[in-house]
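Engineer: Below are the structure tokens for one structure; questions will follow.
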Number of protein chains: 2
Amino acid sequence: MADPQDRGARAPSAGGRRRDGATTAERILDAALASFAGRGYDGTSLDALAASLEIRKQTILYWFPSKEVLLEAVTDRSAAELSEALEAALLRAGTGWSRVEAVVRSVFRLAVRRPELLGLVREMGRLGPPAATRFIAAMDPLVARASTFLETEMDAGHMRRHEPRLLLLAIYSSVIGMLTEVEVLRAFGEEPTARSLVRRRAEILDLLRSALLTGEG
Amino acid sequence: MADPQDRGARAPSAGGRRRDGATTAERILDAALASFAGRGYDGTSLDALAASLEIRKQTILYWFPSKEVLLEAVTDRSAAELSEALEAALLRAGTGWSRVEAVVRSVFRLAVRRPELLGLVREMGRLGPPAATRFIAAMDPLVARASTFLETEMDAGHMRRHEPRLLLLAIYSSVIGMLTEVEVLRAFGEEPTARSLVRRRAEILDLLRSALLTGEG
DNA sequence: CGATCTGTCTACCATATGGTAAGTGAGCGA
DNA sequence: TCGCTCACTTACCATATGGTAGACAGATCG
């Protein structure tokens, strides 16, 4: 019954609110996202996940009848959140470079505020068709919108001509690159500061601006 | 005894050659690299690895006394191979943009010819200090050399001024981005062709050129 | 030939993992 | 108060996993 997408996960909104206002299912989703993004899907055990939440593994399996269903739920929610954030940035006023910059800034902001989302995106690469396809399909309308926008700007002569999807990829890669650098720094024992990240972002924006902008900016 | 780095792995050169000319240890390293890069460290079981080689798990543990030592061996060898390839590209004649382009091209070539190497680099991100630190340390001299080269070029006015390590990261991210796109395409069921990859590379080189080059080229 | 070494194997083992079965207790409508 | 559902628990289980111990075959060497 219900919709065919539903593989058995209960509605996360069900169940009473806890002291902190989050339902158990929501807390599980949050922790699972963080763990999948940080330690990977295979590196995450339901036992460890449950322990971090101070609940029993079977509570997780009560809300999400299998680990795979949990992954799907995490994926769907993350795709929705990403779409929402970027959609909002795209809708913001402005045209030409200022709009591109606004979107890129919002991507960076998201990467700093919710690095788990980007971490999950990276994890998607290894998780084959079942999860990744779903995720990509969920993001597709947004990608199409962004591509159209970039194309319009190029047609208007505000930007150097490039393949729009490649540009998106370049922006995405820049963010991933920044995240990578954060990890590299951590591996060397230096905790990256918010200041240094902001400086990085400025540099990357500068790089992108040089690459994209025509004289008419 | 031996050197303190040696955690017990036997010398991979030991043991008789097989029909195909590779020792057992080398075959294990090859398969482990592919699997670690493709399915991740946690997603790789010694049993599955052994099965893919048509040997028994205990043969793996004979050559590499633990999974972790195997990872270290894979990491070290990959770092060496990466270093070697990029060092060779750096040593190639030329200055200014043509030299940058030569290096970038060699990175792409490597990414296409041995995607496992780049996949392992990406995997390094999640694998904490033990493995990642080792890998980064092994790559560090090369990064320093490349940074120096870029700085020289900027001083000579051949290139727009940027933070050299950031530039390296941008180049690296472009390659990773290309790989990511390959996975995205696969997720959609389209096998990326060599032609499309070459076209991508050309676009990325163009992007980088726009971003980096000054009038003096 | 007999001893030893090398490379691989079979036989196990303890633990961890995803998952099932069967409760338990609080809250709630009749 | 009876019965039911909801949220979560304890008690298991089969399998997979990394790892140990030891046997065995073939090559090497005295």
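Letters A, B, ... mark the chains of the structure tokens in the order given; residue numbers begin at 1 per chain; ligand numbers begin at 1, in order shown.
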Looking only at the backbone, which of the residues in stretch 14-208 of chain A does DSSP tag as helix (DSSP H, G or I), as a PyMOL selection string?
Structural biologist: chain A and resi 24-39+46-53+57-63+67-91+96-113+115-124+129-155+164-187+194-208
Engineer: Where does chain C meet chain A within 12 Å, residue by residue, with the nearest atom pair and distance in Å to one decimal for each, counting only C-alpha atoms (C1' of nucleotides), listed by chain and rising number, as a tab-separated table?
Structural biologist:
```
residue	atom	partner	partner_atom	distance
C:DA16	C1'	A:Ser45	CA	9.1
C:DT17	C1'	A:Ser45	CA	7.3
C:DG18	C1'	A:Lys67	CA	7.7
C:DG19	C1'	A:Ser66	CA	7.9
C:DT20	C1'	A:Gln58	CA	10.3
C:DA21	C1'	A:Gln58	CA	11.8
C:DG27	C1'	A:Gly16	CA	11.7
```
Engineer: Just want the 10 Å neighbourhood of stretch 174-176 of chain A, counted on only C-alpha atoms (C1' of nucleotides), with same-chain residues fewer than 2 positions away dropped. Output as a VMD selection string.
Structural biologist: (chain A and resid 104 107 to 112 115 118 to 119 121 to 122 168 to 172 178 to 182 201 204 to 205 207 to 208) or (chain B and resid 166 169 to 174 176 to 177)
Engineer: With N, CA, C and O atoms retained, write the just-selected residues as a compact mmCIF listing (two decimals), in the first residue's frame.
Structural biologist:
```
# COMPACT_ATOMS: atom_id res chain seq x y z
N VAL A 104 27.47 30.67 -5.40
CA VAL A 104 28.69 30.01 -4.96
C VAL A 104 28.92 30.24 -3.46
O VAL A 104 29.25 29.32 -2.71
N VAL A 107 26.80 28.02 -1.50
CA VAL A 107 27.31 26.65 -1.48
C VAL A 107 28.41 26.52 -0.43
O VAL A 107 28.45 25.59 0.37
N PHE A 108 29.30 27.50 -0.42
CA PHE A 108 30.38 27.47 0.57
C PHE A 108 29.82 27.55 1.99
O PHE A 108 30.27 26.85 2.89
N ARG A 109 28.85 28.45 2.15
CA ARG A 109 28.26 28.58 3.47
C ARG A 109 27.70 27.23 3.93
O ARG A 109 27.92 26.80 5.05
N LEU A 110 27.01 26.60 3.00
CA LEU A 110 26.45 25.29 3.31
C LEU A 110 27.55 24.29 3.66
O LEU A 110 27.43 23.50 4.59
N ALA A 111 28.64 24.36 2.90
CA ALA A 111 29.74 23.41 3.13
C ALA A 111 30.34 23.62 4.50
O ALA A 111 30.79 22.66 5.14
N VAL A 112 30.37 24.87 4.96
CA VAL A 112 30.96 25.14 6.27
C VAL A 112 29.97 24.82 7.38
O VAL A 112 30.33 24.22 8.40
N PRO A 115 28.88 20.41 6.80
CA PRO A 115 29.84 19.64 5.99
C PRO A 115 29.37 18.21 5.76
O PRO A 115 29.78 17.59 4.77
N LEU A 118 27.93 17.68 2.27
CA LEU A 118 28.92 17.51 1.21
C LEU A 118 29.63 16.17 1.34
O LEU A 118 29.94 15.51 0.35
N GLY A 119 29.88 15.79 2.58
CA GLY A 119 30.51 14.50 2.82
C GLY A 119 29.66 13.36 2.26
O GLY A 119 30.17 12.42 1.67
N VAL A 121 27.54 13.63 -0.22
CA VAL A 121 27.63 13.71 -1.68
C VAL A 121 28.86 12.95 -2.16
O VAL A 121 28.81 12.17 -3.10
N ARG A 122 29.97 13.19 -1.46
CA ARG A 122 31.20 12.51 -1.86
C ARG A 122 31.04 11.00 -1.70
O ARG A 122 31.50 10.22 -2.52
N LEU A 168 29.24 23.91 -13.43
CA LEU A 168 28.68 23.46 -12.16
C LEU A 168 29.64 22.51 -11.47
O LEU A 168 29.90 22.58 -10.27
N LEU A 169 30.17 21.61 -12.27
CA LEU A 169 31.11 20.63 -11.74
C LEU A 169 32.34 21.32 -11.18
O LEU A 169 32.88 20.94 -10.14
N ALA A 170 32.79 22.38 -11.88
CA ALA A 170 33.96 23.10 -11.40
C ALA A 170 33.68 23.75 -10.05
O ALA A 170 34.51 23.71 -9.14
N ILE A 171 32.50 24.33 -9.94
CA ILE A 171 32.12 24.95 -8.67
C ILE A 171 32.05 23.89 -7.57
O ILE A 171 32.62 24.04 -6.49
N TYR A 172 31.36 22.81 -7.90
CA TYR A 172 31.25 21.72 -6.95
C TYR A 172 32.63 21.21 -6.55
O TYR A 172 32.93 21.00 -5.37
N MET A 178 37.96 22.35 -1.15
CA MET A 178 38.13 23.03 0.13
C MET A 178 37.96 22.04 1.27
O MET A 178 38.73 22.04 2.24
N LEU A 179 36.94 21.20 1.14
CA LEU A 179 36.73 20.19 2.17
C LEU A 179 37.94 19.28 2.28
O LEU A 179 38.38 18.92 3.37
N THR A 180 38.46 18.90 1.12
CA THR A 180 39.62 18.03 1.10
C THR A 180 40.77 18.69 1.85
O THR A 180 41.43 18.07 2.68
N GLU A 181 40.95 19.97 1.56
CA GLU A 181 42.03 20.68 2.22
C GLU A 181 41.84 20.68 3.73
O GLU A 181 42.79 20.54 4.50
N VAL A 182 40.61 20.84 4.14
CA VAL A 182 40.31 20.81 5.58
C VAL A 182 40.80 19.49 6.17
O VAL A 182 41.45 19.45 7.22
N ARG A 201 37.90 30.69 0.59
CA ARG A 201 36.71 30.94 -0.23
C ARG A 201 36.92 32.15 -1.12
O ARG A 201 36.59 32.13 -2.30
N ILE A 204 39.10 31.21 -3.98
CA ILE A 204 38.43 30.39 -4.98
C ILE A 204 37.46 31.22 -5.81
O ILE A 204 37.38 31.09 -7.03
N LEU A 205 36.75 32.09 -5.12
CA LEU A 205 35.85 32.98 -5.86
C LEU A 205 36.63 33.81 -6.87
O LEU A 205 36.20 34.01 -8.01
N LEU A 207 39.45 33.00 -8.27
CA LEU A 207 39.82 32.11 -9.37
C LEU A 207 38.66 31.93 -10.34
O LEU A 207 38.82 32.05 -11.55
N LEU A 208 37.50 31.64 -9.78
CA LEU A 208 36.34 31.42 -10.64
C LEU A 208 36.00 32.68 -11.42
O LEU A 208 35.68 32.62 -12.60
N LEU B 166 46.76 26.54 -3.14
CA LEU B 166 45.36 26.59 -3.56
C LEU B 166 45.24 26.23 -5.03
O LEU B 166 44.31 25.53 -5.44
N LEU B 169 45.45 22.64 -5.40
CA LEU B 169 44.19 22.06 -4.97
C LEU B 169 43.14 22.22 -6.06
O LEU B 169 42.34 21.30 -6.30
N ALA B 170 43.16 23.36 -6.73
CA ALA B 170 42.19 23.59 -7.79
C ALA B 170 42.40 22.59 -8.93
O ALA B 170 41.44 22.03 -9.46
N ILE B 171 43.67 22.38 -9.27
CA ILE B 171 43.97 21.42 -10.33
C ILE B 171 43.53 20.01 -9.90
O ILE B 171 42.85 19.30 -10.63
N TYR B 172 43.92 19.68 -8.68
CA TYR B 172 43.54 18.38 -8.15
C TYR B 172 42.02 18.22 -8.16
O TYR B 172 41.49 17.19 -8.57
N SER B 173 41.32 19.27 -7.71
CA SER B 173 39.86 19.21 -7.65
C SER B 173 39.26 19.01 -9.03
O SER B 173 38.26 18.32 -9.18
N SER B 174 39.87 19.63 -10.03
CA SER B 174 39.35 19.47 -11.38
C SER B 174 39.40 18.01 -11.82
O SER B 174 38.46 17.49 -12.41
N ILE B 176 39.57 15.36 -9.78
CA ILE B 176 38.59 14.64 -8.96
C ILE B 176 37.18 14.89 -9.51
O ILE B 176 36.36 13.99 -9.59
N GLY B 177 36.95 16.15 -9.91
CA GLY B 177 35.64 16.48 -10.47
C GLY B 177 35.35 15.67 -11.71
O GLY B 177 34.25 15.18 -11.89
```
Engineer: Find the residues of chain B in contact range of chain A, meaning any atom within 6 Å when counting only C-alpha atoms, and list them as number ranges by chain.
Structural biologist: B: 42-43, 129, 133, 173, 177, 187, 207, 210-211
Engineer: Would you output that residue set with all heavy atoms, as a PDB file, in the first residue's frame?
Structural biologist:
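As a result, again-v8.pdb now contains:
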```
ATOM      1  N   ASP B  42      36.742  -0.177   4.286  1.00  0.00           N
ATOM      2  CA  ASP B  42      35.780  -0.954   5.076  1.00  0.00           C
ATOM      3  C   ASP B  42      34.959  -1.877   4.199  1.00  0.00           C
ATOM      4  O   ASP B  42      34.523  -2.934   4.654  1.00  0.00           O
ATOM      5  CB  ASP B  42      34.851  -0.010   5.841  1.00  0.00           C
ATOM      6  CG  ASP B  42      35.566   0.693   6.980  1.00  0.00           C
ATOM      7  OD1 ASP B  42      36.297   0.001   7.713  1.00  0.00           O
ATOM      8  OD2 ASP B  42      35.415   1.916   7.131  1.00  0.00           O
ATOM      9  N   GLY B  43      34.738  -1.452   2.961  1.00  0.00           N
ATOM     10  CA  GLY B  43      33.930  -2.254   2.063  1.00  0.00           C
ATOM     11  C   GLY B  43      34.687  -3.409   1.434  1.00  0.00           C
ATOM     12  O   GLY B  43      34.135  -4.184   0.669  1.00  0.00           O
ATOM     13  N   PRO B 129      44.211   9.648  10.486  1.00  0.00           N
ATOM     14  CA  PRO B 129      45.644   9.830  10.667  1.00  0.00           C
ATOM     15  C   PRO B 129      46.550   8.669  10.302  1.00  0.00           C
ATOM     16  O   PRO B 129      47.466   8.881   9.517  1.00  0.00           O
ATOM     17  CB  PRO B 129      45.739  10.190  12.141  1.00  0.00           C
ATOM     18  CG  PRO B 129      44.486  10.978  12.373  1.00  0.00           C
ATOM     19  CD  PRO B 129      43.440  10.392  11.460  1.00  0.00           C
ATOM     20  N   THR B 133      47.980  10.386   7.072  1.00  0.00           N
ATOM     21  CA  THR B 133      49.180  11.139   7.425  1.00  0.00           C
ATOM     22  C   THR B 133      50.376  10.607   6.669  1.00  0.00           C
ATOM     23  O   THR B 133      51.171  11.359   6.096  1.00  0.00           O
ATOM     24  CB  THR B 133      49.446  11.045   8.932  1.00  0.00           C
ATOM     25  OG1 THR B 133      48.268  11.420   9.630  1.00  0.00           O
ATOM     26  CG2 THR B 133      50.578  11.973   9.337  1.00  0.00           C
ATOM     27  N   SER B 173      41.323  19.275  -7.707  1.00  0.00           N
ATOM     28  CA  SER B 173      39.862  19.207  -7.648  1.00  0.00           C
ATOM     29  C   SER B 173      39.256  19.014  -9.032  1.00  0.00           C
ATOM     30  O   SER B 173      38.257  18.322  -9.183  1.00  0.00           O
ATOM     31  CB  SER B 173      39.301  20.485  -7.031  1.00  0.00           C
ATOM     32  OG  SER B 173      39.724  20.616  -5.706  1.00  0.00           O
ATOM     33  N   GLY B 177      36.946  16.147  -9.911  1.00  0.00           N
ATOM     34  CA  GLY B 177      35.642  16.482 -10.468  1.00  0.00           C
ATOM     35  C   GLY B 177      35.351  15.672 -11.712  1.00  0.00           C
ATOM     36  O   GLY B 177      34.250  15.175 -11.894  1.00  0.00           O
ATOM     37  N   ALA B 187      26.147   6.284 -13.025  1.00  0.00           N
ATOM     38  CA  ALA B 187      24.912   6.145 -12.249  1.00  0.00           C
ATOM     39  C   ALA B 187      23.698   6.302 -13.152  1.00  0.00           C
ATOM     40  O   ALA B 187      22.650   5.724 -12.908  1.00  0.00           O
ATOM     41  CB  ALA B 187      24.874   7.161 -11.118  1.00  0.00           C
ATOM     42  N   LEU B 207      39.399  26.340 -18.906  1.00  0.00           N
ATOM     43  CA  LEU B 207      38.991  27.047 -17.692  1.00  0.00           C
ATOM     44  C   LEU B 207      40.208  27.478 -16.890  1.00  0.00           C
ATOM     45  O   LEU B 207      40.333  28.632 -16.475  1.00  0.00           O
ATOM     46  CB  LEU B 207      38.139  26.110 -16.832  1.00  0.00           C
ATOM     47  CG  LEU B 207      36.679  26.484 -16.614  1.00  0.00           C
ATOM     48  CD1 LEU B 207      35.966  25.344 -15.909  1.00  0.00           C
ATOM     49  CD2 LEU B 207      36.571  27.755 -15.806  1.00  0.00           C
ATOM     50  N   SER B 210      42.144  30.277 -18.567  1.00  0.00           N
ATOM     51  CA  SER B 210      41.505  31.578 -18.372  1.00  0.00           C
ATOM     52  C   SER B 210      41.779  32.106 -16.973  1.00  0.00           C
ATOM     53  O   SER B 210      41.984  33.292 -16.763  1.00  0.00           O
ATOM     54  CB  SER B 210      39.997  31.457 -18.565  1.00  0.00           C
ATOM     55  OG  SER B 210      39.698  30.768 -19.742  1.00  0.00           O
ATOM     56  N   ALA B 211      41.746  31.205 -16.007  1.00  0.00           N
ATOM     57  CA  ALA B 211      41.886  31.624 -14.620  1.00  0.00           C
ATOM     58  C   ALA B 211      43.319  32.035 -14.304  1.00  0.00           C
ATOM     59  O   ALA B 211      43.553  32.935 -13.504  1.00  0.00           O
ATOM     60  CB  ALA B 211      41.451  30.512 -13.691  1.00  0.00           C
TER      61      ALA B 211
END
```
Engineer: With a cut-off of 9 Å and counting only C-alpha atoms (C1' of nucleotides), select all residues of chain D in contact with chain A and give the selection as a ChimeraX atom specification.
Structural biologist: /D:6-9
Engineer: I need the chosen residues saved as a PDB file, in the first residue's frame, with all heavy atoms.
Structural biologist:
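Below is the file that was written, result.pdb:
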```pdb
ATOM      1  P    DC D   6       0.108   2.125  16.309  1.00  0.00           P
ATOM      2  OP1  DC D   6      -0.486   2.483  15.004  1.00  0.00           O
ATOM      3  OP2  DC D   6       0.994   0.939  16.402  1.00  0.00           O
ATOM      4  O5'  DC D   6       0.902   3.386  16.883  1.00  0.00           O
ATOM      5  C5'  DC D   6       0.477   4.011  18.078  1.00  0.00           C
ATOM      6  C4'  DC D   6       1.653   4.287  18.999  1.00  0.00           C
ATOM      7  O4'  DC D   6       1.724   3.251  20.018  1.00  0.00           O
ATOM      8  C3'  DC D   6       3.023   4.313  18.314  1.00  0.00           C
ATOM      9  O3'  DC D   6       3.706   5.473  18.768  1.00  0.00           O
ATOM     10  C2'  DC D   6       3.699   3.022  18.816  1.00  0.00           C
ATOM     11  C1'  DC D   6       3.062   2.839  20.187  1.00  0.00           C
ATOM     12  N1   DC D   6       3.006   1.437  20.685  1.00  0.00           N
ATOM     13  C2   DC D   6       3.343   1.158  22.023  1.00  0.00           C
ATOM     14  O2   DC D   6       3.700   2.093  22.764  1.00  0.00           O
ATOM     15  N3   DC D   6       3.262  -0.113  22.468  1.00  0.00           N
ATOM     16  C4   DC D   6       2.866  -1.093  21.655  1.00  0.00           C
ATOM     17  N4   DC D   6       2.803  -2.335  22.144  1.00  0.00           N
ATOM     18  C5   DC D   6       2.522  -0.830  20.290  1.00  0.00           C
ATOM     19  C6   DC D   6       2.613   0.430  19.854  1.00  0.00           C
ATOM     20  P    DA D   7       4.982   6.000  17.938  1.00  0.00           P
ATOM     21  OP1  DA D   7       4.929   7.475  17.897  1.00  0.00           O
ATOM     22  OP2  DA D   7       5.083   5.220  16.696  1.00  0.00           O
ATOM     23  O5'  DA D   7       6.178   5.598  18.900  1.00  0.00           O
ATOM     24  C5'  DA D   7       6.290   6.256  20.154  1.00  0.00           C
ATOM     25  C4'  DA D   7       7.295   5.516  21.006  1.00  0.00           C
ATOM     26  O4'  DA D   7       6.803   4.187  21.272  1.00  0.00           O
ATOM     27  C3'  DA D   7       8.671   5.345  20.364  1.00  0.00           C
ATOM     28  O3'  DA D   7       9.628   5.891  21.247  1.00  0.00           O
ATOM     29  C2'  DA D   7       8.810   3.835  20.186  1.00  0.00           C
ATOM     30  C1'  DA D   7       7.892   3.291  21.266  1.00  0.00           C
ATOM     31  N9   DA D   7       7.345   1.954  21.017  1.00  0.00           N
ATOM     32  C8   DA D   7       6.842   1.461  19.842  1.00  0.00           C
ATOM     33  N7   DA D   7       6.405   0.223  19.926  1.00  0.00           N
ATOM     34  C5   DA D   7       6.637  -0.115  21.251  1.00  0.00           C
ATOM     35  C6   DA D   7       6.394  -1.303  21.982  1.00  0.00           C
ATOM     36  N6   DA D   7       5.843  -2.399  21.443  1.00  0.00           N
ATOM     37  N1   DA D   7       6.736  -1.310  23.301  1.00  0.00           N
ATOM     38  C2   DA D   7       7.293  -0.191  23.822  1.00  0.00           C
ATOM     39  N3   DA D   7       7.565   0.982  23.230  1.00  0.00           N
ATOM     40  C4   DA D   7       7.212   0.946  21.937  1.00  0.00           C
ATOM     41  P    DC D   8      11.182   5.943  20.777  1.00  0.00           P
ATOM     42  OP1  DC D   8      11.774   7.116  21.461  1.00  0.00           O
ATOM     43  OP2  DC D   8      11.267   5.797  19.315  1.00  0.00           O
ATOM     44  O5'  DC D   8      11.751   4.635  21.471  1.00  0.00           O
ATOM     45  C5'  DC D   8      11.464   4.413  22.864  1.00  0.00           C
ATOM     46  C4'  DC D   8      11.765   2.974  23.233  1.00  0.00           C
ATOM     47  O4'  DC D   8      10.792   2.075  22.658  1.00  0.00           O
ATOM     48  C3'  DC D   8      13.107   2.428  22.770  1.00  0.00           C
ATOM     49  O3'  DC D   8      13.992   2.401  23.872  1.00  0.00           O
ATOM     50  C2'  DC D   8      12.807   1.023  22.271  1.00  0.00           C
ATOM     51  C1'  DC D   8      11.376   0.794  22.710  1.00  0.00           C
ATOM     52  N1   DC D   8      10.641  -0.126  21.797  1.00  0.00           N
ATOM     53  C2   DC D   8      10.226  -1.374  22.281  1.00  0.00           C
ATOM     54  O2   DC D   8      10.457  -1.673  23.458  1.00  0.00           O
ATOM     55  N3   DC D   8       9.582  -2.231  21.462  1.00  0.00           N
ATOM     56  C4   DC D   8       9.352  -1.867  20.199  1.00  0.00           C
ATOM     57  N4   DC D   8       8.706  -2.740  19.418  1.00  0.00           N
ATOM     58  C5   DC D   8       9.760  -0.592  19.677  1.00  0.00           C
ATOM     59  C6   DC D   8      10.398   0.232  20.502  1.00  0.00           C
ATOM     60  P    DT D   9      15.471   1.755  23.803  1.00  0.00           P
ATOM     61  OP1  DT D   9      16.354   2.527  24.704  1.00  0.00           O
ATOM     62  OP2  DT D   9      15.844   1.565  22.385  1.00  0.00           O
ATOM     63  O5'  DT D   9      15.227   0.329  24.449  1.00  0.00           O
ATOM     64  C5'  DT D   9      14.630   0.251  25.737  1.00  0.00           C
ATOM     65  C4'  DT D   9      14.385  -1.211  26.094  1.00  0.00           C
ATOM     66  O4'  DT D   9      13.391  -1.765  25.196  1.00  0.00           O
ATOM     67  C3'  DT D   9      15.634  -2.077  25.932  1.00  0.00           C
ATOM     68  O3'  DT D   9      16.144  -2.460  27.193  1.00  0.00           O
ATOM     69  C2'  DT D   9      15.168  -3.294  25.135  1.00  0.00           C
ATOM     70  C1'  DT D   9      13.688  -3.117  24.948  1.00  0.00           C
ATOM     71  N1   DT D   9      13.323  -3.410  23.527  1.00  0.00           N
ATOM     72  C2   DT D   9      12.776  -4.629  23.215  1.00  0.00           C
ATOM     73  O2   DT D   9      12.549  -5.499  24.048  1.00  0.00           O
ATOM     74  N3   DT D   9      12.493  -4.812  21.886  1.00  0.00           N
ATOM     75  C4   DT D   9      12.703  -3.908  20.849  1.00  0.00           C
ATOM     76  O4   DT D   9      12.407  -4.187  19.689  1.00  0.00           O
ATOM     77  C5   DT D   9      13.293  -2.654  21.251  1.00  0.00           C
ATOM     78  C7   DT D   9      13.581  -1.597  20.219  1.00  0.00           C
ATOM     79  C6   DT D   9      13.578  -2.465  22.540  1.00  0.00           C
TER      80       DT D   9
END
```
Engineer: Using only C-alpha atoms (C1' of nucleotides), determine which residues lie at most 7 Å from stretch 91-101 of chain B, disregarding the query and same-chain residues fewer than 4 positions distant; provide the list as number ranges by chain.
Structural biologist: B: 87, 105, 153, 158, 217
Engineer: What would the file look like if the residues just selected were written as a PDB file, in the first residue's frame with C-alpha atoms?
Structural biologist:
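The resulting file, result-v8.pdb, is reproduced below:
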```pdb
ATOM      1  CA  GLU B  87      57.909  14.313 -10.752  1.00  0.00           C
ATOM      2  CA  ARG B 105      47.728  16.820 -18.831  1.00  0.00           C
ATOM      3  CA  GLU B 153      56.162  31.434 -12.562  1.00  0.00           C
ATOM      4  CA  HIS B 158      53.728  34.376 -16.391  1.00  0.00           C
ATOM      5  CA  GLY B 217      51.383  33.830 -21.541  1.00  0.00           C
TER       6      GLY B 217
END
```
Engineer: Skipping near chain neighbours, those fewer than 5 positions away, what residues fall within 12 Å of C:DA14 using only C-alpha atoms (C1' of nucleotides), listed as a list in words?
Structural biologist: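 Near C:DA14, the qualifying residues are DT17, DG18, DG19 and DT20 of chain D.
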Engineer: Quick check, in Å to one decimal: how far apart do atom CA of A:Glu191 and atom CA of B:Ala80 lie?
Structural biologist: 27.2 Å
Engineer: Show which residues sit within 12 Å of C:DG29, as a PyMOL selection string. Count only C-alpha atoms (C1' of nucleotides), and ignore same-chain residues fewer than 4 positions away.
Structural biologist: chain D and resi 1-5
Engineer: Measure the distance from atom CA of A:Ala194 to atom CA of A:Leu117 in Å and round it to one decimal.
Structural biologist: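 If I compute the distance from atom CA of A:Ala194 to atom CA of A:Leu117, I get 18.2 Å.
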